[in-house]
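Colleague: One structure, as structure tokens, below. Some questions next.
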Amino acid sequence: MRRGSLVQLVALGVVIGAAATVVALVVPWLPPNAAEERDGIDLVFWFTTAICIGIFSLVGSVILYSVVKFRVRPDDDTDGPPIHGHTGIEILWTAIPAILVTAISVISGIVLVQNDRPGKDNMNVDVLARQFAWTFTYPDHQNLTSSELRLPLGRSVELHFDAADVIHSFWVPEFGQKQDAVPGQDTKLVITPTKIGTYPVICTELCGLGHALMRTSAIVMTPAAFDAWVKKQGEALNAPPGQAGKAVFANNGCASCHTFEAAGATGKVGPDLDKLPAYAKQAGKPLEAFVKESIVDPNAYVQPGFPKGVMPPFNLPADQLDALVSFLTKGSK
Ligand code: CUA
């Protein structure tokens with residue numbers, strides 16, 4: 001190869017690499033960083049991006065150079081020179097990608113092990129994923145439940161996942177790491193929030209009809225605001241049954257599937273709960289028993305026009321179940 005050609009190739013590669021680097025750095029591809037564990041995930045992302053830019057520059061410069069330099073002249077009908085294989089180059093282009101892919105997996109492995117370590121004084125949250133809602137339970141705080149994930153700023157939190165039906169996957173882009181929720185498996189994810197704010201919780205595993213709607217919020221609060229919330233939730237659950245039932249309704253994500261005026265719920269996946277008395281009559285059962293059965297064993301009677309097997313059974317503590325039944329029977333007309 002002539003020296004001039006090499007200089008031209010390298011110059012082309014530098015230009016292409018610089019352009020790709022500008023696109024990578026100037027466009028804000030990533031969401032804001034709101035957790036300590038995000039740093040490692042971003043490191044893996046940028047490491048992989050740097051490798052991609054390097055390979056893109058190499059391939060782009062060789063292609064551009066060849067297109068310009070070796071293009072067929074008008075009226076040139078001759079065949080190209082017969083070329084067959086080159087063992088040296090083949091070994092090289094197998095070895096280099098193998099090394100790069102190995103490097104990416106080693107870095108990823110180190111980051112994942114580091115991110116799995118809960119910090120000092122860590123708090124636990126049990127996450128139940130079901131078609132199509134998230135429920136968060138706080139075992140360190142009187143077993144409070146919530147349909148939103150509330151976290152105190154700067155405190156390391158270990159999320160323990162379970163799934164009631166099929167595989168779901170928990171993802172808050174601002175926190176970085178994803179984690180599958182698998183029925184019967186205790187999977188974990190450690191999060192240490194670093195920024196106050198409200199972030200989307202997204203299910204990233206196709207889990208059925210309502211997959212796209214399986215969203216809620218992760219709310220990072222000051223430790224004082226979090227403690228105040230814990231106190232208020234505790235009080236709400238100890239309120240008279242009707243009021244407590246409203247909290248149970250909200251905490252279990254009923255609103256994501258059902259319409260119920262008294263709760264301001266407008267979900268359309270399942271039956272309209274304002275019509276419960278009419279449904280009970282159709283089912284031929286007394287209202288209260290019917291409502292209770294529909295929560296504990298939803299498939300015993302499915303309102304015609306709605307798919308069977310969509311609603312999972314809700315195993316609530318007895319006092320919460322009674323409060324919810326009371327709220328649903330008194331609030332519906
Ligand atoms: Cu749950 Cu997709």
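Letters A, B, ... go to the chains of the structure tokens in the order shown; residues in each chain start at 1; ligands are counted from 1 in the same order.
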Enumerate residues in contact with ligand 1: an atom-to-atom distance of at most 6 Å, counting only C-alpha atoms and all ligand atoms. Format the result as a PyMOL selection string.

Modeller: chain A and resi 131-132+168+203-207+211+214

Colleague: Go through stretch 127-331 of chain A and collect every residue that DSSP, computed from the backbone, puts in strand (DSSP E); the answer should be as JSON, numbers by chain.

Modeller: {"A": [127, 128, 129, 130, 133, 134, 135, 136, 137, 138, 144, 145, 146, 149, 150, 151, 152, 157, 158, 159, 160, 161, 162, 163, 168, 169, 170, 171, 178, 179, 180, 181, 187, 188, 189, 190, 191, 197, 198, 199, 200, 201, 202, 203, 215, 216, 217, 218, 219, 220, 221, 259, 260, 265, 266]}

Colleague: Residues of the last selection are to be written out with C-alpha atoms, as a short mmCIF file (atom, residue, chain, number, x, y, z; two decimals), in the first residue's frame.

Modeller:
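File part_37.cif, as written:
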data_model
loop_
_atom_site.label_atom_id
_atom_site.label_comp_id
_atom_site.auth_asym_id
_atom_site.auth_seq_id
_atom_site.Cartn_x
_atom_site.Cartn_y
_atom_site.Cartn_z
CA VAL A 127 -42.28 -5.12 44.55
CA LEU A 128 -45.16 -7.20 43.21
CA ALA A 129 -45.66 -7.09 39.45
CA ARG A 130 -48.93 -8.31 38.02
CA ALA A 133 -49.91 -2.95 37.78
CA TRP A 134 -47.09 -2.52 40.28
CA THR A 135 -47.57 -2.78 44.03
CA PHE A 136 -44.85 -1.64 46.43
CA THR A 137 -44.84 -2.92 50.03
CA TYR A 138 -42.63 -1.43 52.76
CA LEU A 144 -47.51 -0.11 53.98
CA THR A 145 -48.50 -0.66 50.37
CA SER A 146 -48.43 1.86 47.56
CA LEU A 149 -42.63 3.82 44.48
CA ARG A 150 -41.73 6.46 47.06
CA LEU A 151 -38.08 6.66 48.07
CA PRO A 152 -36.13 8.87 50.46
CA VAL A 157 -32.97 0.77 48.88
CA GLU A 158 -33.09 -2.93 48.07
CA LEU A 159 -36.07 -3.81 45.88
CA HIS A 160 -37.20 -7.47 46.06
CA PHE A 161 -39.28 -8.54 43.08
CA ASP A 162 -42.03 -11.08 42.69
CA ALA A 163 -44.50 -11.58 39.85
CA HIS A 168 -42.42 -8.45 33.94
CA SER A 169 -39.42 -6.14 34.00
CA PHE A 170 -38.89 -3.08 36.19
CA TRP A 171 -37.15 -0.05 34.72
CA LYS A 178 -33.44 -2.97 34.68
CA GLN A 179 -34.58 -5.99 36.66
CA ASP A 180 -36.92 -8.82 35.67
CA ALA A 181 -39.74 -9.82 38.01
CA THR A 187 -34.79 -11.08 42.16
CA LYS A 188 -33.21 -7.92 43.59
CA LEU A 189 -32.17 -4.43 42.58
CA VAL A 190 -30.35 -1.81 44.64
CA ILE A 191 -31.18 1.86 44.09
CA GLY A 197 -38.11 14.23 41.43
CA THR A 198 -40.78 12.06 39.86
CA TYR A 199 -39.62 9.46 37.36
CA PRO A 200 -41.51 6.92 35.23
CA VAL A 201 -41.59 3.26 36.26
CA ILE A 202 -41.90 1.25 33.05
CA CYS A 203 -42.56 -2.44 32.44
CA ARG A 215 -46.58 2.24 34.27
CA THR A 216 -46.42 4.18 37.49
CA SER A 217 -44.13 6.72 39.14
CA ALA A 218 -41.01 6.58 41.26
CA ILE A 219 -41.07 9.58 43.56
CA VAL A 220 -37.82 10.58 45.26
CA MET A 221 -38.54 12.73 48.32
CA THR A 259 -63.45 2.99 36.48
CA PHE A 260 -64.81 3.99 39.91
CA ALA A 265 -60.57 6.09 38.71
CA THR A 266 -61.07 5.91 34.94
#

Colleague: What is the atom CA of A:Glu261-atom CA of A:Met311 distance in Å, reported with one decimal?

Modeller: 19.9 Å

Colleague: Env of A:Lys292: 8 Å cut, atoms = only C-alpha atoms, seq-sep filter 4 positions within chain, self excluded. Answer as a list in words.

Modeller: Glu288, Val296, Leu321 and Val325 of chain A

Colleague: Need the shell around A:Asp319: protein/DNA/RNA residues with any atom at most 12 Å away, counting only C-alpha atoms. Skip same-chain ones fewer than 2 positions apart. Format as a VMD selection string?

Modeller: chain A and resid 237 to 242 244 to 245 248 315 to 317 321 to 326

Colleague: A:Gly60: which residues within 10 Å, counting only C-alpha atoms, same-chain residues fewer than 5 positions away excluded, as a PDB file with N, CA, C and O atoms, in the first residue's frame?

Modeller:
ATOM      1  N   LEU A   9      -6.614   7.442   4.018  1.00  0.00           N
ATOM      2  CA  LEU A   9      -7.511   6.557   4.781  1.00  0.00           C
ATOM      3  C   LEU A   9      -7.618   7.027   6.229  1.00  0.00           C
ATOM      4  O   LEU A   9      -8.719   7.133   6.788  1.00  0.00           O
ATOM      5  N   LEU A  12      -9.596  10.274   6.514  1.00  0.00           N
ATOM      6  CA  LEU A  12     -11.042   9.995   6.397  1.00  0.00           C
ATOM      7  C   LEU A  12     -11.600   9.429   7.697  1.00  0.00           C
ATOM      8  O   LEU A  12     -12.655   9.856   8.188  1.00  0.00           O
ATOM      9  N   GLY A  13     -10.840   8.478   8.267  1.00  0.00           N
ATOM     10  CA  GLY A  13     -11.269   7.838   9.520  1.00  0.00           C
ATOM     11  C   GLY A  13     -11.398   8.857  10.637  1.00  0.00           C
ATOM     12  O   GLY A  13     -12.364   8.813  11.415  1.00  0.00           O
ATOM     13  N   ILE A  16     -14.601  10.977  10.046  1.00  0.00           N
ATOM     14  CA  ILE A  16     -15.817  10.207  10.350  1.00  0.00           C
ATOM     15  C   ILE A  16     -15.950   9.992  11.863  1.00  0.00           C
ATOM     16  O   ILE A  16     -17.018  10.173  12.457  1.00  0.00           O
ATOM     17  N   GLY A  17     -14.830   9.643  12.508  1.00  0.00           N
ATOM     18  CA  GLY A  17     -14.844   9.410  13.955  1.00  0.00           C
ATOM     19  C   GLY A  17     -15.228  10.677  14.704  1.00  0.00           C
ATOM     20  O   GLY A  17     -16.010  10.628  15.659  1.00  0.00           O
ATOM     21  N   GLY A  54     -15.114   3.723  16.980  1.00  0.00           N
ATOM     22  CA  GLY A  54     -13.842   3.280  16.400  1.00  0.00           C
ATOM     23  C   GLY A  54     -14.073   2.382  15.186  1.00  0.00           C
ATOM     24  O   GLY A  54     -13.491   2.592  14.107  1.00  0.00           O
ATOM     25  N   ILE A  55     -14.960   1.401  15.341  1.00  0.00           N
ATOM     26  CA  ILE A  55     -15.211   0.455  14.239  1.00  0.00           C
ATOM     27  C   ILE A  55     -15.920   1.167  13.080  1.00  0.00           C
ATOM     28  O   ILE A  55     -15.602   0.952  11.908  1.00  0.00           O
ATOM     29  N   TYR A  65     -13.232   5.444   0.781  1.00  0.00           N
ATOM     30  CA  TYR A  65     -12.004   5.453  -0.010  1.00  0.00           C
ATOM     31  C   TYR A  65     -12.141   4.543  -1.229  1.00  0.00           C
ATOM     32  O   TYR A  65     -11.812   4.926  -2.351  1.00  0.00           O
ATOM     33  N   SER A  66     -12.683   3.338  -0.994  1.00  0.00           N
ATOM     34  CA  SER A  66     -12.806   2.363  -2.086  1.00  0.00           C
ATOM     35  C   SER A  66     -13.806   2.823  -3.133  1.00  0.00           C
ATOM     36  O   SER A  66     -13.580   2.655  -4.341  1.00  0.00           O
TER      37      SER A  66
END

Colleague: Calculated over only C-alpha atoms, which of the candidates A:Ala263, A:Leu153, A:Val101, A:Ala35 has the smallest distance to A:Met123?

Modeller: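 That would be A:Leu153, the residue with the smallest distance to A:Met123.
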
Colleague: Of the candidates A:Phe175, A:Tyr301, A:Phe249, A:Phe47, which one gets nearest to A:Ala34 if we count only C-alpha atoms?

Modeller: A:Phe175

Colleague: What is the atom CA of A:Gly208-atom CA of A:Ile167 distance in Å, reported with one decimal?

Modeller: 10.0 Å

Colleague: Please, which residues of stretch 46-279 of chain A, numbered as in this document, come out helix (DSSP H, G or I) from DSSP, as a PyMOL selection string?

Modeller: chain A and resi 46-69+87-115+173-175+211-213+223-237+241-251+254-256+261-263+273-279

Colleague: Deliver the residues from the most recent selection as a file, using C-alpha atoms, as a tab-separated table (two decimals), in the first residue's frame.

Modeller:
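File written: part18.tsv
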chain	number	residue	atom	x	y	z
A	46	TRP	CA	-20.01	4.96	26.86
A	47	PHE	CA	-17.36	2.22	26.72
A	48	THR	CA	-19.48	0.36	24.15
A	49	THR	CA	-20.21	3.57	22.26
A	50	ALA	CA	-16.48	4.37	22.02
A	51	ILE	CA	-15.81	0.92	20.53
A	52	CYS	CA	-18.67	1.42	18.05
A	53	ILE	CA	-17.29	4.81	16.97
A	54	GLY	CA	-13.84	3.28	16.40
A	55	ILE	CA	-15.21	0.46	14.24
A	56	PHE	CA	-17.58	2.81	12.41
A	57	SER	CA	-14.63	5.11	11.52
A	58	LEU	CA	-12.55	2.19	10.22
A	59	VAL	CA	-15.34	0.67	8.12
A	60	GLY	CA	-16.61	4.07	6.91
A	61	SER	CA	-13.18	5.29	5.78
A	62	VAL	CA	-12.34	2.07	3.91
A	63	ILE	CA	-15.74	2.07	2.16
A	64	LEU	CA	-15.61	5.77	1.18
A	65	TYR	CA	-12.00	5.45	-0.01
A	66	SER	CA	-12.81	2.36	-2.09
A	67	VAL	CA	-15.94	3.87	-3.61
A	68	VAL	CA	-13.97	6.90	-4.82
A	69	LYS	CA	-10.67	5.23	-5.71
A	87	THR	CA	-5.70	-16.11	6.56
A	88	GLY	CA	-3.87	-13.31	8.40
A	89	ILE	CA	-6.69	-10.79	8.01
A	90	GLU	CA	-9.32	-13.37	8.86
A	91	ILE	CA	-7.56	-14.21	12.13
A	92	LEU	CA	-7.26	-10.50	12.89
A	93	TRP	CA	-10.95	-9.65	12.27
A	94	THR	CA	-12.04	-12.59	14.39
A	95	ALA	CA	-9.64	-11.89	17.25
A	96	ILE	CA	-10.29	-8.14	17.58
A	97	PRO	CA	-14.12	-8.39	17.95
A	98	ALA	CA	-13.65	-11.34	20.35
A	99	ILE	CA	-11.37	-9.21	22.54
A	100	LEU	CA	-13.75	-6.22	22.42
A	101	VAL	CA	-16.85	-8.27	23.28
A	102	THR	CA	-14.96	-9.94	26.14
A	103	ALA	CA	-13.91	-6.51	27.44
A	104	ILE	CA	-17.56	-5.31	27.37
A	105	SER	CA	-18.72	-8.38	29.31
A	106	VAL	CA	-15.94	-8.02	31.91
A	107	ILE	CA	-16.79	-4.34	32.52
A	108	SER	CA	-20.52	-5.17	32.66
A	109	GLY	CA	-19.87	-7.96	35.15
A	110	ILE	CA	-17.84	-5.67	37.44
A	111	VAL	CA	-20.53	-2.94	37.29
A	112	LEU	CA	-23.37	-5.40	38.03
A	113	VAL	CA	-21.54	-6.88	41.04
A	114	GLN	CA	-20.82	-3.37	42.38
A	115	ASN	CA	-24.42	-2.22	41.84
A	173	PRO	CA	-34.55	5.09	33.03
A	174	GLU	CA	-33.15	7.72	35.43
A	175	PHE	CA	-31.98	4.94	37.81
A	211	HIS	CA	-48.23	-4.09	28.88
A	212	ALA	CA	-47.99	-0.56	27.48
A	213	LEU	CA	-50.17	0.72	30.35
A	223	PRO	CA	-36.18	11.97	54.07
A	224	ALA	CA	-38.49	14.27	56.10
A	225	ALA	CA	-41.20	14.23	53.39
A	226	PHE	CA	-40.87	10.44	53.16
A	227	ASP	CA	-41.33	10.04	56.92
A	228	ALA	CA	-44.39	12.32	56.77
A	229	TRP	CA	-45.82	10.19	53.96
A	230	VAL	CA	-45.24	6.98	55.94
A	231	LYS	CA	-47.04	8.52	58.93
A	232	LYS	CA	-50.00	9.71	56.83
A	233	GLN	CA	-50.36	6.34	55.08
A	234	GLY	CA	-50.35	4.55	58.44
A	235	GLU	CA	-53.13	6.83	59.64
A	236	ALA	CA	-55.18	6.36	56.45
A	237	LEU	CA	-55.15	2.56	56.88
A	241	PRO	CA	-63.52	1.33	56.75
A	242	GLY	CA	-64.88	3.56	53.92
A	243	GLN	CA	-61.89	5.91	54.02
A	244	ALA	CA	-59.38	3.11	54.61
A	245	GLY	CA	-60.90	1.31	51.61
A	246	LYS	CA	-60.12	4.28	49.38
A	247	ALA	CA	-56.47	3.99	50.42
A	248	VAL	CA	-56.47	0.23	49.76
A	249	PHE	CA	-58.03	0.87	46.32
A	250	ALA	CA	-55.31	3.40	45.47
A	251	ASN	CA	-52.46	1.37	46.97
A	254	CYS	CA	-57.14	-0.87	41.04
A	255	ALA	CA	-57.47	2.43	39.15
A	256	SER	CA	-55.15	1.26	36.37
A	261	GLU	CA	-66.14	7.47	40.47
A	262	ALA	CA	-65.68	7.60	44.25
A	263	ALA	CA	-61.95	7.00	43.74
A	273	LEU	CA	-67.08	-0.66	39.29
A	274	ASP	CA	-69.81	1.97	39.45
A	275	LYS	CA	-72.05	-0.74	37.94
A	276	LEU	CA	-71.28	-3.35	40.63
A	277	PRO	CA	-74.91	-3.59	41.93
A	278	ALA	CA	-76.14	-4.36	38.40
A	279	TYR	CA	-73.34	-6.91	37.87

Colleague: As an exercise, work out the distance from atom CA of A:Gly176 to atom CA of A:Arg155 in Å and give it to one decimal place.

Modeller: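 Straight-line distance from atom CA of A:Gly176 to atom CA of A:Arg155 works out to 16.5 Å.
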